[in-house]
>>> print(open('coords_22.cif').read())   # mmCIF, C-alpha atoms
data_start
loop_
_atom_site.label_atom_id
_atom_site.label_comp_id
_atom_site.auth_asym_id
_atom_site.auth_seq_id
_atom_site.Cartn_x
_atom_site.Cartn_y
_atom_site.Cartn_z
CA MET A 1 111.46 148.96 117.32
CA VAL A 2 112.61 148.60 113.71
CA THR A 3 116.40 148.74 113.33
CA ASN A 4 118.03 150.83 110.59
CA VAL A 5 121.59 151.81 109.81
CA THR A 6 121.27 153.85 106.62
CA ASN A 7 118.90 156.62 107.72
CA PHE A 8 120.29 160.01 108.78
CA GLY A 9 120.07 160.10 112.56
CA ARG A 10 119.29 156.51 113.70
CA SER A 11 116.09 157.76 115.34
CA GLY A 12 112.82 158.47 113.53
CA LEU A 13 112.19 161.42 115.80
CA SER A 14 115.51 163.14 115.06
CA ASP A 15 115.04 162.61 111.30
CA TRP A 16 111.53 163.99 111.53
CA LEU A 17 112.62 167.03 113.52
CA LEU A 18 115.62 167.71 111.28
CA GLN A 19 113.40 167.42 108.19
CA ARG A 20 111.19 170.20 109.58
CA PHE A 21 114.07 172.37 110.82
CA SER A 22 115.89 172.13 107.48
CA ALA A 23 112.64 172.94 105.64
CA VAL A 24 112.31 176.17 107.66
CA VAL A 25 115.94 177.10 106.88
CA LEU A 26 115.38 176.44 103.16
CA ALA A 27 112.20 178.54 103.18
CA LEU A 28 113.93 181.44 104.96
CA TYR A 29 116.90 181.33 102.58
CA SER A 30 114.59 181.28 99.56
CA VAL A 31 112.80 184.40 100.81
CA PHE A 32 116.17 185.98 101.64
CA ILE A 33 117.83 185.37 98.29
CA VAL A 34 114.75 186.24 96.21
CA GLY A 35 114.39 189.38 98.32
CA TYR A 36 118.03 190.27 97.58
CA PHE A 37 117.45 189.94 93.82
CA LEU A 38 114.28 192.01 93.99
CA THR A 39 115.80 194.82 96.04
CA THR A 40 119.13 195.04 94.23
CA SER A 41 119.12 196.85 90.91
CA ASP A 42 121.85 196.50 88.28
CA LEU A 43 123.48 193.54 89.98
CA ASP A 44 127.03 193.01 88.75
CA TYR A 45 129.83 190.58 89.66
CA ALA A 46 131.57 192.95 92.09
CA GLN A 47 128.34 193.52 94.00
CA TRP A 48 127.48 189.79 94.05
CA SER A 49 131.00 188.85 95.16
CA GLY A 50 131.00 191.60 97.79
CA PHE A 51 127.68 190.34 99.13
CA PHE A 52 129.18 186.89 99.67
CA GLN A 53 132.31 188.37 101.29
CA GLN A 54 130.18 189.03 104.37
CA THR A 55 130.67 186.30 106.97
CA TRP A 56 127.01 186.11 107.98
CA VAL A 57 125.90 185.58 104.35
CA ARG A 58 128.46 182.77 104.05
CA ILE A 59 127.26 181.18 107.29
CA PHE A 60 123.59 181.43 106.26
CA THR A 61 124.39 180.03 102.81
CA PHE A 62 126.44 177.19 104.26
CA LEU A 63 123.65 176.39 106.75
CA THR A 64 121.31 176.23 103.75
CA ILE A 65 123.65 173.86 101.89
CA LEU A 66 123.82 171.61 104.97
CA SER A 67 120.03 171.80 105.23
CA ILE A 68 119.64 170.73 101.59
CA ALA A 69 121.97 167.78 102.24
CA ALA A 70 120.14 166.64 105.40
CA HIS A 71 116.68 167.27 103.93
CA ALA A 72 117.48 165.39 100.74
CA TRP A 73 119.16 162.51 102.55
CA ILE A 74 116.16 161.96 104.82
CA GLY A 75 113.66 162.42 101.98
CA LEU A 76 115.40 160.24 99.43
CA TRP A 77 116.13 157.57 102.04
CA THR A 78 112.42 157.49 102.84
CA ILE A 79 111.45 157.26 99.17
CA SER A 80 114.00 154.50 98.55
CA THR A 81 112.72 152.40 101.48
CA ASP A 82 109.15 152.82 100.20
CA TYR A 83 109.65 152.00 96.54
CA ILE A 84 112.93 150.11 96.03
CA LYS A 85 112.49 146.65 97.51
CA PRO A 86 115.65 144.76 96.31
CA THR A 87 118.28 145.52 98.99
CA GLY A 88 121.25 145.76 96.59
CA ILE A 89 119.60 148.31 94.28
CA ARG A 90 118.31 150.31 97.26
CA PHE A 91 121.77 150.39 98.83
CA VAL A 92 123.38 151.57 95.58
CA PHE A 93 120.68 154.26 95.17
CA GLN A 94 121.28 155.50 98.72
CA ALA A 95 125.07 155.48 98.21
CA VAL A 96 124.79 157.48 94.95
CA CYS A 97 122.47 160.04 96.62
CA ASN A 98 124.78 160.43 99.59
CA LEU A 99 127.85 160.77 97.38
CA ALA A 100 126.13 163.49 95.34
CA LEU A 101 125.07 165.34 98.50
CA PHE A 102 128.56 165.06 99.98
CA THR A 103 129.94 166.49 96.73
CA TYR A 104 127.52 169.42 96.92
CA VAL A 105 128.62 170.22 100.47
CA VAL A 106 132.37 170.14 99.63
CA TRP A 107 131.73 172.08 96.42
CA GLY A 108 129.68 174.60 98.40
CA VAL A 109 132.57 175.15 100.83
CA GLN A 110 134.92 175.63 97.87
CA VAL A 111 132.59 178.19 96.24
CA LEU A 112 131.97 180.11 99.49
CA TRP A 113 135.50 180.17 100.89
CA GLY A 114 137.60 179.49 97.80
CA ALA A 115 139.64 182.13 96.10
CA MET B 1 69.09 146.23 87.71
CA LEU B 2 72.36 146.60 89.54
CA VAL B 3 75.52 145.29 87.86
CA VAL B 4 77.94 144.07 90.51
CA SER B 5 81.48 143.23 89.49
CA VAL B 6 83.27 141.18 92.14
CA TYR B 7 86.88 140.09 92.53
CA ARG B 8 87.19 136.32 92.25
CA TYR B 9 90.23 134.23 93.05
CA ASN B 10 90.47 130.64 94.17
CA PRO B 11 94.18 129.78 94.31
CA GLU B 12 93.37 126.05 94.07
CA LYS B 13 91.66 126.50 90.70
CA ASP B 14 92.49 129.91 89.19
CA SER B 15 95.87 130.80 87.78
CA ALA B 16 95.08 134.51 88.20
CA PRO B 17 92.38 136.64 89.83
CA TYR B 18 89.53 137.89 87.62
CA MET B 19 86.41 140.08 87.92
CA GLN B 20 83.01 138.42 87.61
CA GLU B 21 79.77 140.29 86.91
CA PHE B 22 76.42 139.56 88.51
CA ASN B 23 73.06 141.17 87.77
CA ILE B 24 71.26 141.87 91.02
CA ASP B 25 67.65 142.99 91.35
CA THR B 26 67.15 144.78 94.67
CA LYS B 27 63.56 145.64 93.68
CA GLY B 28 64.41 149.31 94.15
CA ALA B 29 65.30 148.92 97.83
CA ASP B 30 68.33 150.75 99.19
CA VAL B 31 69.83 147.66 100.83
CA MET B 32 73.30 147.32 102.34
CA VAL B 33 76.22 146.05 100.24
CA LEU B 34 76.34 142.95 102.48
CA ASP B 35 72.77 142.11 101.41
CA VAL B 36 73.91 142.31 97.78
CA LEU B 37 76.79 139.93 98.59
CA SER B 38 74.33 137.39 100.01
CA MET B 39 72.23 137.71 96.83
CA ILE B 40 75.39 136.93 94.83
CA LYS B 41 76.04 133.98 97.13
CA GLU B 42 72.55 132.65 96.23
CA GLN B 43 73.52 132.76 92.54
CA ASP B 44 77.00 131.28 93.08
CA ASN B 45 77.65 129.52 96.37
CA THR B 46 81.40 129.26 95.72
CA PHE B 47 81.69 133.03 96.33
CA ALA B 48 83.63 133.66 99.58
CA TYR B 49 83.58 136.66 101.94
CA ARG B 50 83.76 137.24 105.69
CA ARG B 51 80.80 138.42 107.71
CA SER B 52 79.48 138.03 111.20
CA CYS B 53 77.42 140.58 113.15
CA ARG B 54 76.00 142.41 110.07
CA GLU B 55 75.71 145.66 112.06
CA GLY B 56 79.15 147.31 112.00
CA VAL B 57 80.39 145.95 115.32
CA CYS B 58 82.56 142.93 114.52
CA GLY B 59 84.62 144.43 111.67
CA SER B 60 84.63 141.23 109.59
CA ASP B 61 83.33 142.54 106.28
CA GLY B 62 85.81 145.31 105.49
CA MET B 63 86.20 145.52 101.71
CA ASN B 64 86.78 147.92 98.85
CA MET B 65 83.50 149.16 97.34
CA ASN B 66 83.72 151.30 94.19
CA GLY B 67 87.26 152.25 95.18
CA LYS B 68 86.70 153.08 98.82
CA ASN B 69 87.22 150.84 101.84
CA GLY B 70 84.34 150.34 104.23
CA LEU B 71 82.14 147.83 106.01
CA ALA B 72 79.70 146.17 103.62
CA CYS B 73 77.09 145.70 106.36
CA ILE B 74 76.63 149.39 107.15
CA THR B 75 77.20 150.81 103.67
CA PRO B 76 73.92 151.37 101.83
CA LEU B 77 73.96 151.09 98.04
CA SER B 78 72.94 154.76 97.75
CA GLU B 79 76.26 155.71 99.34
CA VAL B 80 78.54 153.89 96.88
CA VAL B 81 76.74 152.97 93.67
CA THR B 82 77.19 155.20 90.64
CA ALA B 83 75.37 154.54 87.34
CA ASP B 84 73.96 151.21 88.59
CA LYS B 85 77.45 149.75 88.79
CA LEU B 86 79.23 148.42 91.87
CA VAL B 87 82.79 147.08 91.87
CA ILE B 88 83.78 145.08 94.93
CA ARG B 89 87.36 144.11 95.66
CA PRO B 90 89.13 142.75 98.74
CA LEU B 91 90.92 145.17 101.09
CA PRO B 92 93.95 146.45 99.11
CA GLY B 93 97.52 145.52 99.97
CA LEU B 94 96.90 142.29 101.87
CA PRO B 95 97.41 138.81 100.38
CA VAL B 96 94.15 137.29 99.10
CA ILE B 97 93.21 133.88 100.49
CA ARG B 98 90.10 133.53 98.38
CA ASP B 99 87.72 136.00 96.67
CA LEU B 100 87.14 138.80 99.24
CA VAL B 101 88.87 136.98 102.10
CA VAL B 102 92.31 138.45 102.87
CA ASP B 103 95.17 137.26 105.06
CA MET B 104 95.29 139.75 107.95
CA SER B 105 98.39 138.26 109.66
CA LEU B 106 100.59 141.34 109.09
CA PHE B 107 97.83 143.66 110.28
CA TYR B 108 97.45 141.64 113.51
CA LYS B 109 101.23 141.37 113.92
CA GLN B 110 101.48 145.17 113.99
CA TYR B 111 98.57 145.34 116.45
CA GLU B 112 100.28 142.79 118.71
CA ARG B 113 103.53 144.76 118.53
CA ILE B 114 102.09 147.81 120.31
CA LYS B 115 101.07 145.63 123.29
CA PRO B 116 97.34 146.38 123.18
CA TYR B 117 96.68 145.79 126.88
CA LEU B 118 97.28 147.67 130.13
CA LEU B 119 100.77 147.36 131.60
CA ASN B 120 100.99 148.37 135.22
CA ASP B 121 103.89 147.51 137.53
CA THR B 122 102.18 148.66 140.75
CA PRO B 123 100.53 146.06 143.05
CA ALA B 124 97.06 145.11 141.89
CA PRO B 125 94.29 146.64 144.02
CA ALA B 126 91.68 144.45 145.72
CA ILE B 127 88.90 145.22 143.27
CA GLU B 128 89.88 147.31 140.25
CA ARG B 129 92.13 150.17 139.10
CA LEU B 130 90.06 153.32 139.30
CA GLN B 131 90.16 156.11 136.78
CA ALA B 132 88.93 159.71 137.07
CA PRO B 133 86.09 160.56 134.66
CA GLU B 134 88.30 163.13 132.89
CA ASP B 135 91.03 160.50 132.37
CA ARG B 136 88.41 158.11 131.04
CA ASP B 137 87.25 160.81 128.62
CA LYS B 138 90.71 160.79 127.00
CA LEU B 139 90.01 157.29 125.66
CA ASP B 140 86.97 158.44 123.68
CA GLY B 141 87.62 158.33 119.95
CA LEU B 142 90.31 155.67 120.51
CA TYR B 143 88.76 152.64 122.19
CA GLU B 144 85.95 152.36 119.61
CA CYS B 145 88.26 150.85 116.96
CA ILE B 146 86.96 147.43 115.84
CA LEU B 147 90.11 146.39 113.91
CA CYS B 148 88.32 146.07 110.57
CA ALA B 149 91.57 147.12 108.79
CA CYS B 150 89.78 149.55 106.45
CA CYS B 151 92.20 152.33 107.48
CA SER B 152 95.51 150.47 107.39
CA THR B 153 94.72 148.90 104.00
CA ALA B 154 93.87 152.36 102.59
CA CYS B 155 97.30 153.65 103.67
CA PRO B 156 100.11 153.68 101.06
CA SER B 157 102.75 153.70 103.82
CA PHE B 158 101.23 150.45 105.10
CA TRP B 159 101.11 149.02 101.56
CA TRP B 160 104.84 149.61 101.06
CA ASN B 161 106.03 148.60 104.55
CA PRO B 162 103.39 146.44 106.29
CA ASP B 163 106.15 144.63 108.19
CA LYS B 164 107.66 147.84 109.64
CA PHE B 165 105.04 150.61 109.75
CA VAL B 166 102.51 149.97 112.54
CA GLY B 167 99.72 151.48 110.46
CA PRO B 168 96.87 153.82 111.43
CA SER B 169 94.82 151.20 113.27
CA GLY B 170 97.73 149.97 115.40
CA LEU B 171 98.87 153.54 116.12
CA LEU B 172 95.38 154.59 117.21
CA GLN B 173 95.51 151.72 119.69
CA ALA B 174 99.10 152.57 120.67
CA TYR B 175 97.92 156.06 121.63
CA ARG B 176 94.91 154.60 123.45
CA PHE B 177 97.33 152.83 125.84
CA LEU B 178 99.91 155.67 125.94
CA ILE B 179 97.24 158.06 127.21
CA ASP B 180 95.57 155.64 129.66
CA SER B 181 96.10 156.88 133.25
CA ARG B 182 96.20 153.26 134.48
CA ASP B 183 99.20 152.34 132.32
CA THR B 184 102.68 152.83 133.82
CA GLN B 185 104.82 151.83 130.82
CA THR B 186 104.48 155.03 128.79
CA ARG B 187 108.24 155.57 128.43
CA GLU B 188 108.89 151.97 127.39
CA ARG B 189 106.03 152.12 124.90
CA LEU B 190 107.41 155.35 123.40
CA SER B 191 110.93 153.97 123.10
CA GLU B 192 109.53 151.09 121.02
CA LEU B 193 108.09 153.58 118.52
CA ASP B 194 111.07 155.91 118.02
CA ASP B 195 112.41 154.57 114.72
CA PRO B 196 111.95 155.88 111.16
CA PHE B 197 109.20 153.34 110.33
CA SER B 198 106.84 152.49 113.20
CA VAL B 199 105.25 155.96 113.58
CA PHE B 200 107.23 158.30 111.35
CA ARG B 201 106.37 156.55 108.09
CA CYS B 202 102.97 158.25 108.39
CA ARG B 203 102.95 161.04 105.83
CA GLY B 204 99.66 162.49 107.00
CA ILE B 205 97.62 161.89 103.84
CA MET B 206 94.61 161.00 106.02
CA ASN B 207 93.16 158.17 103.90
CA CYS B 208 92.60 156.46 107.27
CA VAL B 209 90.33 159.27 108.47
CA SER B 210 88.39 159.34 105.22
CA VAL B 211 87.55 155.60 105.28
CA CYS B 212 87.11 154.79 109.01
CA PRO B 213 83.58 153.34 109.34
CA LYS B 214 83.51 154.36 113.00
CA GLY B 215 84.44 157.99 112.26
CA LEU B 216 87.73 157.81 114.18
CA ASN B 217 90.83 159.93 113.51
CA PRO B 218 94.09 157.92 113.50
CA THR B 219 96.06 160.84 111.99
CA LYS B 220 95.27 162.95 115.05
CA ALA B 221 96.36 160.12 117.38
CA ILE B 222 99.62 159.77 115.41
CA GLY B 223 100.19 163.53 115.85
CA HIS B 224 99.72 163.10 119.61
CA ILE B 225 102.24 160.21 119.64
CA ARG B 226 104.77 162.46 117.83
CA ASP B 227 104.19 165.17 120.43
CA MET B 228 104.73 162.68 123.25
CA LEU B 229 107.94 161.40 121.62
CA LEU B 230 109.16 164.97 121.21
CA ARG B 231 108.36 165.95 124.80
CA ASN B 232 110.01 162.77 126.04
CA ALA B 233 113.22 163.38 124.08
CA THR B 234 113.88 167.13 124.16
#
>>> encode(input="coords_22.cif", output="structure tokens")
Amino acid sequence: MVTNVTNFGRSGLSDWLLQRFSAVVLALYSVFIVGYFLTTSDLDYAQWSGFFQQTWVRIFTFLTILSIAAHAWIGLWTISTDYIKPTGIRFVFQAVCNLALFTYVVWGVQVLWGA
Amino acid sequence: MLVVSVYRYNPEKDSAPYMQEFNIDTKGADVMVLDVLSMIKEQDNTFAYRRSCREGVCGSDGMNMNGKNGLACITPLSEVVTADKLVIRPLPGLPVIRDLVVDMSLFYKQYERIKPYLLNDTPAPAIERLQAPEDRDKLDGLYECILCACCSTACPSFWWNPDKFVGPSGLLQAYRFLIDSRDTQTRERLSELDDPFSVFRCRGIMNCVSVCPKGLNPTKAIGHIRDMLLRNAT
């Protein structure tokens, strides 16, 4: 057993499973949002805003934002442990990635539920 | 005339590794790469490589021939040579001791880590532990591994993390003991593998399958280990 403290879920299995689950969510959302653009003609701000007023669209979008954060954390953590060997630089890289992802999540909440 | 370029490095004399060319006349015969190495050895007896059984059983002469890992003793020239040129390097990713001889300590450490022997906490029977023919069949495609390291040294995940990722060879053997009906430590074995490196660093690129001289499929075994981990934990 190799010990780690910086990966997403402590266990390789949970990271692996979450990576696949989040990939499915991202794929579904991509189809969903592209489908919306293709089926909606003359999209204006009122229509776009109204679309995101629906609770289920907000939940689906927020789930997608969380999926991006988890997927990117697991993926970038993996890349950093493969290619960045000096511990200090790797730690800083992981911290910067996580800070950016945390920012995206908070920003996403603000966009979805803000005024 | 075959031009063979071989990797040379003697840490006692050379400041850096270099490639040395030899002209080899096989008299048109499609000999094995190992035969070519012995012809080079006749020209320069300081040239070092490992060999033993010369028939693909011992796994000593794993090396990189024209970019692909394999056993020199069972690889005919016709399989690897292009334009009368053959480039031979040691197995990639492992420290070189001398010329084509690599230090396999990390490879063996990973093999040792998976406990490559039967663990059974029930009282030993008088003669032997029996196994049904269908349970024995499950070991086919797993037990044949000769630990030549061609697969693990062709695996980028093993190159980057040889101290943490078990590697295709070790994982093939891990599955061989996980699936053995005579082993009672399946759960304990699985719990040793559930971290982000040991199994899950495999990205499924299947270099291991493409180079295995015994035609085995470590990627498939790794998939089975993932399934077992998942079944055990959900």
>>> closest_residue(input="coords_22.cif", among="B:Lys85, B:Trp159, B:Arg176, B:Ala154", to="Ile205 in chain B", atoms="all atoms listed in the file")
B:Ala154
>>> interface_residues(input="coords_22.cif", of="chain B", to="chain A", cutoff="10 Å", atoms="all atoms listed in the file", output="PDB file with C-alpha atoms, in the coordinates of the input")
ATOM      1  CA  ARG B 113     103.530 144.760 118.530  1.00  0.00           C
ATOM      2  CA  ILE B 114     102.090 147.810 120.310  1.00  0.00           C
ATOM      3  CA  PRO B 156     100.110 153.680 101.060  1.00  0.00           C
ATOM      4  CA  SER B 157     102.750 153.700 103.820  1.00  0.00           C
ATOM      5  CA  PHE B 158     101.230 150.450 105.100  1.00  0.00           C
ATOM      6  CA  TRP B 159     101.110 149.020 101.560  1.00  0.00           C
ATOM      7  CA  TRP B 160     104.840 149.610 101.060  1.00  0.00           C
ATOM      8  CA  ASN B 161     106.030 148.600 104.550  1.00  0.00           C
ATOM      9  CA  ASP B 163     106.150 144.630 108.190  1.00  0.00           C
ATOM     10  CA  LYS B 164     107.660 147.840 109.640  1.00  0.00           C
ATOM     11  CA  PHE B 165     105.040 150.610 109.750  1.00  0.00           C
ATOM     12  CA  ARG B 189     106.030 152.120 124.900  1.00  0.00           C
ATOM     13  CA  LEU B 190     107.410 155.350 123.400  1.00  0.00           C
ATOM     14  CA  SER B 191     110.930 153.970 123.100  1.00  0.00           C
ATOM     15  CA  GLU B 192     109.530 151.090 121.020  1.00  0.00           C
ATOM     16  CA  LEU B 193     108.090 153.580 118.520  1.00  0.00           C
ATOM     17  CA  ASP B 194     111.070 155.910 118.020  1.00  0.00           C
ATOM     18  CA  ASP B 195     112.410 154.570 114.720  1.00  0.00           C
ATOM     19  CA  PRO B 196     111.950 155.880 111.160  1.00  0.00           C
ATOM     20  CA  PHE B 197     109.200 153.340 110.330  1.00  0.00           C
ATOM     21  CA  SER B 198     106.840 152.490 113.200  1.00  0.00           C
ATOM     22  CA  VAL B 199     105.250 155.960 113.580  1.00  0.00           C
ATOM     23  CA  PHE B 200     107.230 158.300 111.350  1.00  0.00           C
ATOM     24  CA  ARG B 201     106.370 156.550 108.090  1.00  0.00           C
ATOM     25  CA  ARG B 226     104.770 162.460 117.830  1.00  0.00           C
ATOM     26  CA  ASP B 227     104.190 165.170 120.430  1.00  0.00           C
ATOM     27  CA  LEU B 229     107.940 161.400 121.620  1.00  0.00           C
ATOM     28  CA  LEU B 230     109.160 164.970 121.210  1.00  0.00           C
ATOM     29  CA  ALA B 233     113.220 163.380 124.080  1.00  0.00           C
TER      30      ALA B 233
END
>>> closest_residue(input="coords_22.cif", among="B:Ala149, B:Met32, B:Cys208, B:Ile74", to="Leu91 in chain B", atoms="all atoms listed in the file")
B:Ala149
>>> atom_distance(input="coords_22.cif", atom1="CA of Glu112 in chain B", atom2="CA of Val5 in chain A")
24.8 Å
>>> atom_distance(input="coords_22.cif", atom1="CA of Val101 in chain B", atom2="CA of Cys145 in chain B")
20.3 Å
>>> residues_around(input="coords_22.cif", residues="range 102-111 of chain A", least_positions_apart="3", cutoff="12 Å", atoms="only C-alpha atoms", output="list in words")
Ser49, Phe52, Gln53, Arg58, Ile59, Thr61, Phe62, Leu63, Thr64, Ile65, Leu66, Ser67, Ile68, Ala69, Ala70, Ala72, Trp73, Ala95, Val96, Cys97, Asn98, Leu99, Gly114 and Ala115 of chain A
